[in-house]
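Notes follow the structure.
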Amino acid sequence: MDNKKLADLLYPEAKSVDFWFERYKPRNLPKGAEVTRFAPSPTGFLHIGGLFGALVDATIARQTNGVCYLRIEDTDQKRKVKNGVEGIIDSFRMFDVGFNEGKLSMDNEVGDYGPYVQSNRREIYKSFAKEMVLRGKAYPCFCSEDELNNLREQQMAKKLNPGYYGQYAKCRNLSYEQIADNIKAGKPWVLRFRCPYTQDDKIETNDLVRGNRIIPCNYNDVVIMKSNNLPPYNFAHVVDDTLMHTTLVVRSDEWFPSFTEHLQLFEALGLTPPKYAHTSAMQKIDEQTNERRKISKRKDPEANVAFFVEQGYPVEAIFDYLMIIANSNFEDWRAQNPKANISEFKFDISKLNTSGALFDMVKLSDVSKNTISNMTGQQVFDAVSSWASRFDTDFYKLLSQNKDYYTQILNIDRDIPKPRKDISHWAEVRTMYEYMFDDVFDNLNFAFPEKFSNAQIIEVLQNYPNYFNPTDDQTQWFGRIKDLAEYIGWAREVKLFKQQPDLYPGHCGDVSTILRVALTGRTMTPNLYNICMLLGKDRIEYRLNKVLNKLKTA
Ligand code: GLU
């Protein structure tokens, strides 16, 4: 067969691949710089596992003074969903991993190696498809869907591996005339790889996460160009990562089974493949079965990164958590560098987990509490406010009308050596501090410690206003609580109470617990001293009277 004649018949107008190599010159980067990419298909929302991959990509590029770009892989037009690309771009606007180039906004692309959306690269793919034909590595296949199904059934019946290979590759040896006749007759066709390997062949694979492995290789004449002149993933990957000069492909291990096929395609074109790191899919512990399973797009709301935005987890917390999953030593580093930027952490790709990264909401909450505890009251206020303006407009109104007061509430126990770790995400703030507002307070229930009678509680509450002075510092304030304890015959020190428990109904700590419950309806709150100071004498009296009335009528 005259390859040139066939190539010209199939792709008469395609430019030579040299044109594209000339157009997309090697990048001018320092030694050791890695070019990475995140290449999502717009088949729905951005998955938390995708964000994990993108963070790894961007981190590697940044730490090696390389480049990380965003490429949209939309050659599977059937799986494409409406607004899929917008969704991805929007998610990255929020979770800014630091792409240097690519499809970074809907109306623009950044960088010299575009187009970065695969459906706009038809012309390029045609050139490389033609090159495959020129090299005798590809041929057109006219088999219909029905024919392929029949072939599959026959193979299954004979207990053979299904596929288009060897003697079953019907169109592999069509003559030029047969091909030309089919094309003239308008028969649809795809381009197939003329795979030189058999079922017995093995190939050596290199993977930065999994190490070197010799594995059985692809023996199928896989499709490399579909009838709509767009390639499936395999060929698009080879062409794009070559022309965009990717040096390291970090991708999900769902691609590991077709890894050898990709290596064969690089080989067929005489190209050197990039390095690879196949990362395992994100898993979780199923709430019902208690077993590990993949995070599912359909079942798990946390699969979609939008979930974390709606719930108001700070982006820094999500990034910190993903980095802990990626490199377990990140957690120690963070403990030593609580306020450092995540980019200062030395990421190590070989530490990526091979057995399935576990995503755990409880752990994420802890990480997030930690992140938020390092923010100032003002920063927390601004973040909560901006979250509420999108997701809880009533709360937003409340915040806007009480800016100073709310910031002071958030300031409690914050700028101290061991800051308070109560908030994990913004959606929980509203109820967390709602008792600081009198209209909510008015409807609270109060559960006092059961060991005290109503009469004893009433005695504490009735007397407290005489023991509150708004200009006290914390020691003075607590000194007065001790005075009150003593006045009503309780131990002024816990120590005294412990020495002679029969002598006293309670101690100064019990007094403050009773006050805490009466003023907030809760047994756990931030520092009661600050709460008292924020409420002020009048509101303390107002609150205590309300509770006293309830207790007296009970
Ligand atoms: N479009 C592929 C996916 O979404 C990308 C895989 C890759 O990174 O090469 O799974």
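Labels used: A, B, ... for chains in the order of the structure tokens, numbers from 1 for residues in each chain, and numbers from 1 for ligands as shown.
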How close does each residue of chain A get to ligand 1, giving the shortest atom pair and distance in Å to one decimal for every residue with an atom at most 9 Å away, counting only C-alpha atoms and all ligand atoms, sorted by chain and residue number, as JSON lines?
{"residue": "A:Arg37", "atom": "CA", "partner": "ligand 1", "partner_atom_place_in_ligand_line": "8 (O)", "distance": 7.2}
{"residue": "A:Phe38", "atom": "CA", "partner": "ligand 1", "partner_atom_place_in_ligand_line": "8 (O)", "distance": 5.8}
{"residue": "A:Ala39", "atom": "CA", "partner": "ligand 1", "partner_atom_place_in_ligand_line": "5 (C)", "distance": 4.7}
{"residue": "A:Pro40", "atom": "CA", "partner": "ligand 1", "partner_atom_place_in_ligand_line": "4 (O)", "distance": 3.9}
{"residue": "A:Ser41", "atom": "CA", "partner": "ligand 1", "partner_atom_place_in_ligand_line": "4 (O)", "distance": 4.4}
{"residue": "A:Pro42", "atom": "CA", "partner": "ligand 1", "partner_atom_place_in_ligand_line": "4 (O)", "distance": 7.8}
{"residue": "A:Thr43", "atom": "CA", "partner": "ligand 1", "partner_atom_place_in_ligand_line": "4 (O)", "distance": 8.3}
{"residue": "A:Gly50", "atom": "CA", "partner": "ligand 1", "partner_atom_place_in_ligand_line": "4 (O)", "distance": 8.1}
{"residue": "A:Gly53", "atom": "CA", "partner": "ligand 1", "partner_atom_place_in_ligand_line": "8 (O)", "distance": 8.5}
{"residue": "A:Arg71", "atom": "CA", "partner": "ligand 1", "partner_atom_place_in_ligand_line": "1 (N)", "distance": 8.6}
{"residue": "A:Ile72", "atom": "CA", "partner": "ligand 1", "partner_atom_place_in_ligand_line": "1 (N)", "distance": 7.3}
{"residue": "A:Glu73", "atom": "CA", "partner": "ligand 1", "partner_atom_place_in_ligand_line": "1 (N)", "distance": 5.0}
{"residue": "A:Asp74", "atom": "CA", "partner": "ligand 1", "partner_atom_place_in_ligand_line": "1 (N)", "distance": 7.6}
{"residue": "A:Thr75", "atom": "CA", "partner": "ligand 1", "partner_atom_place_in_ligand_line": "1 (N)", "distance": 8.9}
{"residue": "A:Tyr233", "atom": "CA", "partner": "ligand 1", "partner_atom_place_in_ligand_line": "1 (N)", "distance": 6.8}
{"residue": "A:Asn234", "atom": "CA", "partner": "ligand 1", "partner_atom_place_in_ligand_line": "9 (O)", "distance": 8.7}
{"residue": "A:His237", "atom": "CA", "partner": "ligand 1", "partner_atom_place_in_ligand_line": "9 (O)", "distance": 6.3}
{"residue": "A:Asp241", "atom": "CA", "partner": "ligand 1", "partner_atom_place_in_ligand_line": "9 (O)", "distance": 8.8}
{"residue": "A:Val249", "atom": "CA", "partner": "ligand 1", "partner_atom_place_in_ligand_line": "8 (O)", "distance": 6.6}
{"residue": "A:Val250", "atom": "CA", "partner": "ligand 1", "partner_atom_place_in_ligand_line": "8 (O)", "distance": 6.2}
{"residue": "A:Arg251", "atom": "CA", "partner": "ligand 1", "partner_atom_place_in_ligand_line": "8 (O)", "distance": 4.3}
{"residue": "A:Ser252", "atom": "CA", "partner": "ligand 1", "partner_atom_place_in_ligand_line": "10 (O)", "distance": 6.6}
{"residue": "A:Glu254", "atom": "CA", "partner": "ligand 1", "partner_atom_place_in_ligand_line": "10 (O)", "distance": 7.7}
{"residue": "A:Trp255", "atom": "CA", "partner": "ligand 1", "partner_atom_place_in_ligand_line": "6 (C)", "distance": 7.1}
For the residues in that selection, give me C-alpha atoms as a PDB file, in the first residue's frame.
ATOM      1  CA  ARG A  37      -1.644  20.279  33.175  1.00  0.00           C
ATOM      2  CA  PHE A  38      -5.094  19.714  34.533  1.00  0.00           C
ATOM      3  CA  ALA A  39      -7.289  18.371  31.758  1.00  0.00           C
ATOM      4  CA  PRO A  40     -10.900  17.916  32.825  1.00  0.00           C
ATOM      5  CA  SER A  41     -13.708  16.786  30.569  1.00  0.00           C
ATOM      6  CA  PRO A  42     -16.713  19.068  30.928  1.00  0.00           C
ATOM      7  CA  THR A  43     -19.013  16.214  31.874  1.00  0.00           C
ATOM      8  CA  GLY A  50     -10.166  16.724  40.256  1.00  0.00           C
ATOM      9  CA  GLY A  53      -5.178  16.586  40.983  1.00  0.00           C
ATOM     10  CA  ARG A  71      -6.942  22.214  29.104  1.00  0.00           C
ATOM     11  CA  ILE A  72     -10.552  21.349  28.410  1.00  0.00           C
ATOM     12  CA  GLU A  73     -10.968  17.841  27.014  1.00  0.00           C
ATOM     13  CA  ASP A  74     -14.273  17.929  25.228  1.00  0.00           C
ATOM     14  CA  THR A  75     -13.750  15.527  22.348  1.00  0.00           C
ATOM     15  CA  TYR A 233      -8.858  10.642  24.714  1.00  0.00           C
ATOM     16  CA  ASN A 234      -5.922   8.404  23.735  1.00  0.00           C
ATOM     17  CA  HIS A 237      -3.596  13.109  24.887  1.00  0.00           C
ATOM     18  CA  ASP A 241       0.775  16.780  25.587  1.00  0.00           C
ATOM     19  CA  VAL A 249       1.114  13.921  33.399  1.00  0.00           C
ATOM     20  CA  VAL A 250      -0.591  13.541  36.758  1.00  0.00           C
ATOM     21  CA  ARG A 251      -3.880  11.797  36.161  1.00  0.00           C
ATOM     22  CA  SER A 252      -6.374   9.503  37.793  1.00  0.00           C
ATOM     23  CA  GLU A 254      -8.660   5.092  35.802  1.00  0.00           C
ATOM     24  CA  TRP A 255      -6.239   5.701  32.905  1.00  0.00           C
TER      25      TRP A 255
END
Practice task
DSSP on the backbone, then: every residue of region 16-255 of chain A marked helix (DSSP H, G or I), written as a ChimeraX atom specification.
Solution key: /A:17-23,48-63,84-94,118-120,122-134,145-157,166-168,170-173,176-184,233-243,253-255
Practice task
Could you find all residues in region 131-287 of chain A that DSSP calls strand (DSSP E) from the backbone, and write them as a ChimeraX atom specification?
Solution key: /A:138-141,190-193,202-207,211-216,223-225,248-252,275-279,283-285
Handout entry: Shell of 8 Å around Phe235 (chain A), only C-alpha atoms, local chain residues under 3 positions omitted, as a ChimeraX atom specification
Key = /A:224-225,231-232,238-239,262,265
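The list of residues with at least one atom within 8 Å of Cys68 (chain A), based on only C-alpha atoms and without residues fewer than 6 positions apart in the same chain, reads Val35, Thr36, Arg37, Phe38, Asp57, Ala58, Ala61, Arg62, Gly98, Phe99, Asn100 and Glu101 of chain A.
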Can those selected residues be exported to a file as a compact mmCIF listing (two decimals), in the first residue's frame so that it contains all heavy atoms?
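Result file again21.txt:
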# COMPACT_ATOMS: atom_id res chain seq x y z
N VAL A 35 6.36 20.86 33.30
CA VAL A 35 5.15 21.42 32.70
C VAL A 35 4.04 20.42 32.98
O VAL A 35 4.09 19.27 32.54
CB VAL A 35 5.32 21.64 31.18
CG1 VAL A 35 4.04 22.19 30.57
CG2 VAL A 35 6.50 22.57 30.91
N THR A 36 3.06 20.85 33.75
CA THR A 36 1.96 19.97 34.12
C THR A 36 0.66 20.57 33.61
O THR A 36 0.63 21.74 33.21
CB THR A 36 1.87 19.83 35.65
OG1 THR A 36 1.66 21.13 36.21
CG2 THR A 36 3.12 19.22 36.24
N ARG A 37 -0.36 19.74 33.63
CA ARG A 37 -1.64 20.28 33.18
C ARG A 37 -2.78 19.60 33.90
O ARG A 37 -2.66 18.44 34.32
CB ARG A 37 -1.79 20.15 31.67
CG ARG A 37 -2.26 18.81 31.14
CD ARG A 37 -1.35 17.66 31.42
NE ARG A 37 -1.73 16.48 30.68
CZ ARG A 37 -2.60 15.56 31.11
NH1 ARG A 37 -3.14 15.64 32.30
NH2 ARG A 37 -2.93 14.54 30.35
N PHE A 38 -3.88 20.35 34.05
CA PHE A 38 -5.09 19.71 34.53
C PHE A 38 -6.02 19.71 33.34
O PHE A 38 -6.21 20.73 32.68
CB PHE A 38 -5.69 20.48 35.72
CG PHE A 38 -6.93 19.82 36.23
CD1 PHE A 38 -6.88 18.52 36.73
CD2 PHE A 38 -8.15 20.47 36.21
CE1 PHE A 38 -8.02 17.89 37.19
CE2 PHE A 38 -9.30 19.85 36.67
CZ PHE A 38 -9.23 18.55 37.16
N ASP A 57 -0.85 19.24 40.43
CA ASP A 57 -0.26 19.75 39.19
C ASP A 57 0.36 21.13 39.39
O ASP A 57 1.51 21.37 39.02
CB ASP A 57 -1.35 19.91 38.11
CG ASP A 57 -1.80 18.59 37.53
OD1 ASP A 57 -0.95 17.72 37.32
OD2 ASP A 57 -3.01 18.44 37.30
N ALA A 58 -0.45 22.02 39.96
CA ALA A 58 0.00 23.41 40.08
C ALA A 58 1.16 23.52 41.07
O ALA A 58 2.09 24.30 40.86
CB ALA A 58 -1.17 24.29 40.54
N ALA A 61 4.39 22.34 39.40
CA ALA A 61 4.88 23.34 38.43
C ALA A 61 5.51 24.53 39.17
O ALA A 61 6.61 24.97 38.83
CB ALA A 61 3.73 23.81 37.54
N ARG A 62 4.83 24.99 40.20
CA ARG A 62 5.34 26.17 40.91
C ARG A 62 6.68 25.87 41.57
O ARG A 62 7.61 26.66 41.52
CB ARG A 62 4.31 26.63 41.94
CG ARG A 62 4.67 27.96 42.58
CD ARG A 62 3.59 28.49 43.50
NE ARG A 62 3.12 27.44 44.36
CZ ARG A 62 1.88 27.01 44.39
NH1 ARG A 62 0.97 27.54 43.61
NH2 ARG A 62 1.52 26.03 45.21
N GLY A 98 -3.64 28.30 40.91
CA GLY A 98 -2.50 29.03 40.33
C GLY A 98 -2.10 28.52 38.96
O GLY A 98 -0.92 28.27 38.71
N PHE A 99 -3.08 28.36 38.06
CA PHE A 99 -2.72 28.00 36.68
C PHE A 99 -1.96 29.15 36.05
O PHE A 99 -2.26 30.31 36.29
CB PHE A 99 -3.99 27.75 35.85
CG PHE A 99 -4.70 26.48 36.21
CD1 PHE A 99 -6.02 26.52 36.66
CD2 PHE A 99 -4.07 25.26 36.11
CE1 PHE A 99 -6.68 25.36 36.99
CE2 PHE A 99 -4.73 24.08 36.44
CZ PHE A 99 -6.04 24.14 36.87
N ASN A 100 -0.99 28.82 35.20
CA ASN A 100 -0.26 29.87 34.50
C ASN A 100 -0.86 30.15 33.14
O ASN A 100 -0.72 31.24 32.61
CB ASN A 100 1.21 29.46 34.29
CG ASN A 100 1.84 29.01 35.56
OD1 ASN A 100 1.94 27.81 35.82
ND2 ASN A 100 2.24 29.95 36.38
N GLU A 101 -1.47 29.13 32.54
CA GLU A 101 -2.05 29.35 31.22
C GLU A 101 -3.19 28.38 30.97
O GLU A 101 -3.46 27.49 31.78
CB GLU A 101 -0.97 29.23 30.13
CG GLU A 101 -0.30 27.86 30.05
CD GLU A 101 0.76 27.79 28.94
OE1 GLU A 101 1.70 28.59 28.97
OE2 GLU A 101 0.63 26.92 28.06
Problem - Test item: residues at most 7 Å from region 446-455 of chain A, only C-alpha atoms, excluding those fewer than 5 positions along its chain, as a VMD selection string - result: chain A and resid 514 517 to 518 521 551
Practice task
Tell me which protein, DNA and RNA residues are within 10 Å of Phe468 (chain A), counting only C-alpha atoms, leaving out same-chain ones fewer than 6 positions away, and put them as a list in words.
Solution key: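 The filter keeps Gln476, Trp477, Phe478, Arg480, Ile481, Leu484, Cys532, Met533, Gly536, Lys537, Ile540 and Glu541 of chain A.
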Problem - Residue contacts of region 413-422 of chain A (8 Å, only C-alpha atoms) excluding same-chain residues fewer than 3 positions away, as a list in words - result: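 Once the adjacent positions are removed, what remains is Lys369, Asn370, Ile372, Ser373, Asn374, Met375, Thr376, Gly377, Leu410, Pro526 and Asn527 of chain A.
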Restricting the output to N, CA and C atoms, write the selected residues as a PDB file, in the first residue's frame.
ATOM      1  N   LYS A 369     -11.155  24.052  61.245  1.00  0.00           N
ATOM      2  CA  LYS A 369     -11.203  24.766  62.534  1.00  0.00           C
ATOM      3  C   LYS A 369      -9.829  25.371  62.827  1.00  0.00           C
ATOM      4  N   ASN A 370      -8.833  24.616  62.509  1.00  0.00           N
ATOM      5  CA  ASN A 370      -7.477  25.084  62.709  1.00  0.00           C
ATOM      6  C   ASN A 370      -7.182  26.309  61.848  1.00  0.00           C
ATOM      7  N   ILE A 372      -9.305  28.392  60.527  1.00  0.00           N
ATOM      8  CA  ILE A 372     -10.108  29.554  60.923  1.00  0.00           C
ATOM      9  C   ILE A 372      -9.590  30.130  62.245  1.00  0.00           C
ATOM     10  N   SER A 373      -9.067  29.262  63.100  1.00  0.00           N
ATOM     11  CA  SER A 373      -8.578  29.761  64.390  1.00  0.00           C
ATOM     12  C   SER A 373      -7.383  30.704  64.208  1.00  0.00           C
ATOM     13  N   ASN A 374      -6.726  30.602  63.070  1.00  0.00           N
ATOM     14  CA  ASN A 374      -5.592  31.495  62.824  1.00  0.00           C
ATOM     15  C   ASN A 374      -5.987  32.805  62.142  1.00  0.00           C
ATOM     16  N   MET A 375      -7.292  32.981  61.919  1.00  0.00           N
ATOM     17  CA  MET A 375      -7.737  34.224  61.276  1.00  0.00           C
ATOM     18  C   MET A 375      -8.116  35.242  62.364  1.00  0.00           C
ATOM     19  N   THR A 376      -8.058  36.521  62.033  1.00  0.00           N
ATOM     20  CA  THR A 376      -8.498  37.534  62.999  1.00  0.00           C
ATOM     21  C   THR A 376     -10.027  37.592  62.966  1.00  0.00           C
ATOM     22  N   GLY A 377     -10.598  38.205  64.002  1.00  0.00           N
ATOM     23  CA  GLY A 377     -12.053  38.368  64.054  1.00  0.00           C
ATOM     24  C   GLY A 377     -12.554  39.096  62.810  1.00  0.00           C
ATOM     25  N   LEU A 410     -16.878  37.607  67.285  1.00  0.00           N
ATOM     26  CA  LEU A 410     -15.923  36.705  66.620  1.00  0.00           C
ATOM     27  C   LEU A 410     -14.504  36.873  67.159  1.00  0.00           C
ATOM     28  N   PRO A 526     -17.701  30.656  74.093  1.00  0.00           N
ATOM     29  CA  PRO A 526     -16.403  31.320  74.258  1.00  0.00           C
ATOM     30  C   PRO A 526     -16.354  31.961  75.650  1.00  0.00           C
ATOM     31  N   ASN A 527     -15.233  32.536  75.972  1.00  0.00           N
ATOM     32  CA  ASN A 527     -14.987  33.132  77.289  1.00  0.00           C
ATOM     33  C   ASN A 527     -16.177  33.946  77.814  1.00  0.00           C
TER      34      ASN A 527
END
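The nearest approach to Glu261 (chain A) among the residues A:Lys297, A:Arg194, A:His245, A:Lys550, with only C-alpha atoms taken into account, belongs to A:Arg194.
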